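Chemist: Dropping a structure here in structure tokens format, bear with me for questions.
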Amino acid sequence: MVVLTIVVGLVLALLFSEYFRLYPGGFIVPVYFAYYLDQPARLALTLVAAFLSVLCYHLLERWLILFGRRRFVLVILLGLFWSLLFFGLLPQFFPGEAGLRTIGWVIPGILANNLLKQKIWPTLAGLIIVATLTYVFVHLLFLVR
């Protein structure tokens, strides 16, 4: 089911970006969101990490020259920082909650990079649409078998 989710998600993300000229948070981010759609705490924490990465970027851009690859690497590192912080910190406050962590280590950074490039609402709208369609198609295909 993982491979099917990846294939369907990548194809839908590509078609969505070609047709609407909007990136749904990158090509791999909607795939992961579709795969974890049944774990809303992980989705929410991943969005929080991405938004905190964007906020930190805006604070740092006052003092640093950030564009292109530098911006991308910084935002990926910020997403990694927030993911690691949540991974180490949150189990202490919520010990029984196994799913209370971000999706992966770099997904928040990739999402944050797209939020910076394309703005918040178009990116989130594309992410929600592609992740939901991927989830529905994969589960419909899985039921057919």
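Here, A, B, ... name the chains of the structure tokens in the order displayed, residue numbers run from 1 inside each chain, and ligands are numbered from 1 in the same displayed order.
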Quick one: residues within 10 Å of Val73 in chain A, only C-alpha atoms, excluding same-chain residues fewer than 5 positions away - as a list in words?
Modeler: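 Close residues of Val73 in chain A: Leu66, Phe67, Gly68, Leu78, Gly79, Gly109, Ile110 and Asn113 of chain A.
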Chemist: Please write the residues from the selection above to a file, keeping C-alpha atoms, as a PDB file, in the first residue's frame.
Modeler:
ATOM      1  CA  LEU A  66      18.980  34.202   1.972  1.00  0.00           C
ATOM      2  CA  PHE A  67      17.852  33.148  -1.472  1.00  0.00           C
ATOM      3  CA  GLY A  68      18.057  30.104  -3.711  1.00  0.00           C
ATOM      4  CA  LEU A  78      14.815  24.701  10.505  1.00  0.00           C
ATOM      5  CA  GLY A  79      12.191  22.051   9.779  1.00  0.00           C
ATOM      6  CA  GLY A 109      11.174  21.926   5.755  1.00  0.00           C
ATOM      7  CA  ILE A 110      10.034  21.041   2.244  1.00  0.00           C
ATOM      8  CA  ASN A 113      10.009  26.121   1.492  1.00  0.00           C
TER       9      ASN A 113
END
Chemist: Leaving out Leu10 in chain A and any residue of its chain fewer than 6 positions from it, which residues lie within 10 Å of it when counting only C-alpha atoms, given as a ChimeraX atom specification?
Modeler: /A:4,16,26-31,130,134
Chemist: To one decimal place in Å, what is the distance between CA of Ile129 in chain A and CA of Phe142 in chain A?
Modeler: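 These atoms are spaced 19.8 Å apart.
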Chemist: For a quick check of understanding, using only C-alpha atoms, which of A:Phe20, A:Trp105, A:Leu47, A:Lys117 has the smallest distance to Arg71 in chain A?
Modeler: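 That would be A:Lys117, the residue with the smallest distance to Arg71 in chain A.
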Chemist: Smallest atom-to-atom distance to Pro24 in chain A: which of A:Asn114, A:Ser53, A:His139, A:Phe81, using only C-alpha atoms?
Modeler: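 Looking only at the distances to Pro24 in chain A, the closest residue turns out to be A:Asn114.
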Chemist: Ser83 in chain A: which residues within 12 Å, counting only C-alpha atoms, same-chain residues fewer than 5 positions away excluded, as a PDB file with C-alpha atoms, in the first residue's frame?
Modeler:
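Result went into around_26.pdb, see below:
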ATOM      1  CA  ARG A  42       1.014  14.084  13.115  1.00  0.00           C
ATOM      2  CA  LEU A  45       2.411  18.918  14.273  1.00  0.00           C
ATOM      3  CA  THR A  46       4.026  18.793  10.835  1.00  0.00           C
ATOM      4  CA  LEU A  47       2.122  21.946   9.853  1.00  0.00           C
ATOM      5  CA  VAL A  48       3.183  23.629  13.113  1.00  0.00           C
ATOM      6  CA  ALA A  49       6.826  22.749  12.433  1.00  0.00           C
ATOM      7  CA  ALA A  50       6.542  24.132   8.883  1.00  0.00           C
ATOM      8  CA  PHE A  51       4.947  27.375  10.080  1.00  0.00           C
ATOM      9  CA  LEU A  52       7.569  27.788  12.817  1.00  0.00           C
ATOM     10  CA  SER A  53      10.252  27.273  10.172  1.00  0.00           C
ATOM     11  CA  ILE A  76      15.119  22.331   5.610  1.00  0.00           C
ATOM     12  CA  LEU A  77      17.423  22.666   8.642  1.00  0.00           C
ATOM     13  CA  LEU A  78      14.815  24.701  10.505  1.00  0.00           C
ATOM     14  CA  GLY A  88      12.578  14.936  22.040  1.00  0.00           C
ATOM     15  CA  LEU A  89      10.317  17.260  23.976  1.00  0.00           C
ATOM     16  CA  LEU A  90       6.728  16.154  23.427  1.00  0.00           C
ATOM     17  CA  LEU A 100       2.538  12.899  18.499  1.00  0.00           C
ATOM     18  CA  ARG A 101       5.480  13.730  16.260  1.00  0.00           C
ATOM     19  CA  THR A 102       6.044  15.228  12.854  1.00  0.00           C
ATOM     20  CA  ILE A 103       5.962  13.324   9.593  1.00  0.00           C
ATOM     21  CA  GLY A 104       9.606  12.585   8.886  1.00  0.00           C
ATOM     22  CA  TRP A 105      12.548  14.872   9.447  1.00  0.00           C
ATOM     23  CA  VAL A 106      12.569  16.929   6.237  1.00  0.00           C
ATOM     24  CA  ILE A 107       8.876  17.058   5.289  1.00  0.00           C
ATOM     25  CA  PRO A 108       8.243  20.182   7.447  1.00  0.00           C
ATOM     26  CA  GLY A 109      11.174  21.926   5.755  1.00  0.00           C
TER      27      GLY A 109
END
Chemist: For Val3 in chain A, which of A:Leu64, A:Val138, A:Val54, A:Ala112 is the closest residue, counting only C-alpha atoms?
Modeler: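 The shortest atom-to-atom distance to Val3 in chain A comes from A:Val138.
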Chemist: Write down as a PyMOL selection string the residues belonging to range 46-145 of chain A that are assigned helix (DSSP H, G or I) by DSSP computed on the backbone.
Modeler: chain A and resi 46-60+68-93+107-118+120-144
Chemist: One decimal, in Å: what's the spacing between CA of Tyr36 in chain A and CA of Ala131 in chain A?
Modeler: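 Between CA of Tyr36 in chain A and CA of Ala131 in chain A the gap works out to 9.5 Å.
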Chemist: At a cut-off of 12 Å, using only C-alpha atoms, what residues contact Trp121 in chain A? Leave out same-chain residues fewer than 5 positions from it and give the result as a list in words.
Modeler: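 In the requested form, the answer reads Leu22, Tyr23, Pro24, Gly25, Asn114, Leu115, Leu116, Gly126, Leu127 and Ile128 of chain A.
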Chemist: With C-alpha atoms retained, could you export that selection as a compact mmCIF listing (two decimals), in the first residue's frame?
Modeler:
# COMPACT_ATOMS: atom_id res chain seq x y z
CA LEU A 22 0.36 25.49 -8.01
CA TYR A 23 2.65 23.24 -6.04
CA PRO A 24 0.87 21.24 -3.34
CA GLY A 25 3.72 21.68 -0.87
CA ASN A 114 6.87 25.89 -0.65
CA LEU A 115 4.97 28.09 1.78
CA LEU A 116 7.67 30.73 1.31
CA GLY A 126 -3.19 22.28 -3.04
CA LEU A 127 -1.82 20.10 -0.26
CA ILE A 128 -5.29 19.33 1.10
Chemist: Near Tyr35 in chain A, within 8 Å and counting only C-alpha atoms, which residues show up once chain neighbours fewer than 2 positions away are dropped, as a PyMOL selection string?
Modeler: chain A and resi 2+5+31-33+37-38+135
Chemist: For the residues selected in the previous step, produce a file with C-alpha atoms as a tab-separated table (two decimals), in the first residue's frame.
Modeler:
chain	number	residue	atom	x	y	z
A	2	VAL	CA	2.96	2.32	0.60
A	5	THR	CA	0.35	5.68	-2.22
A	31	VAL	CA	2.11	11.70	-0.53
A	32	TYR	CA	3.16	11.62	3.12
A	33	PHE	CA	0.11	13.61	4.18
A	37	LEU	CA	-4.26	11.15	6.89
A	38	ASP	CA	-5.66	8.88	9.58
A	135	TYR	CA	-5.99	8.92	0.03
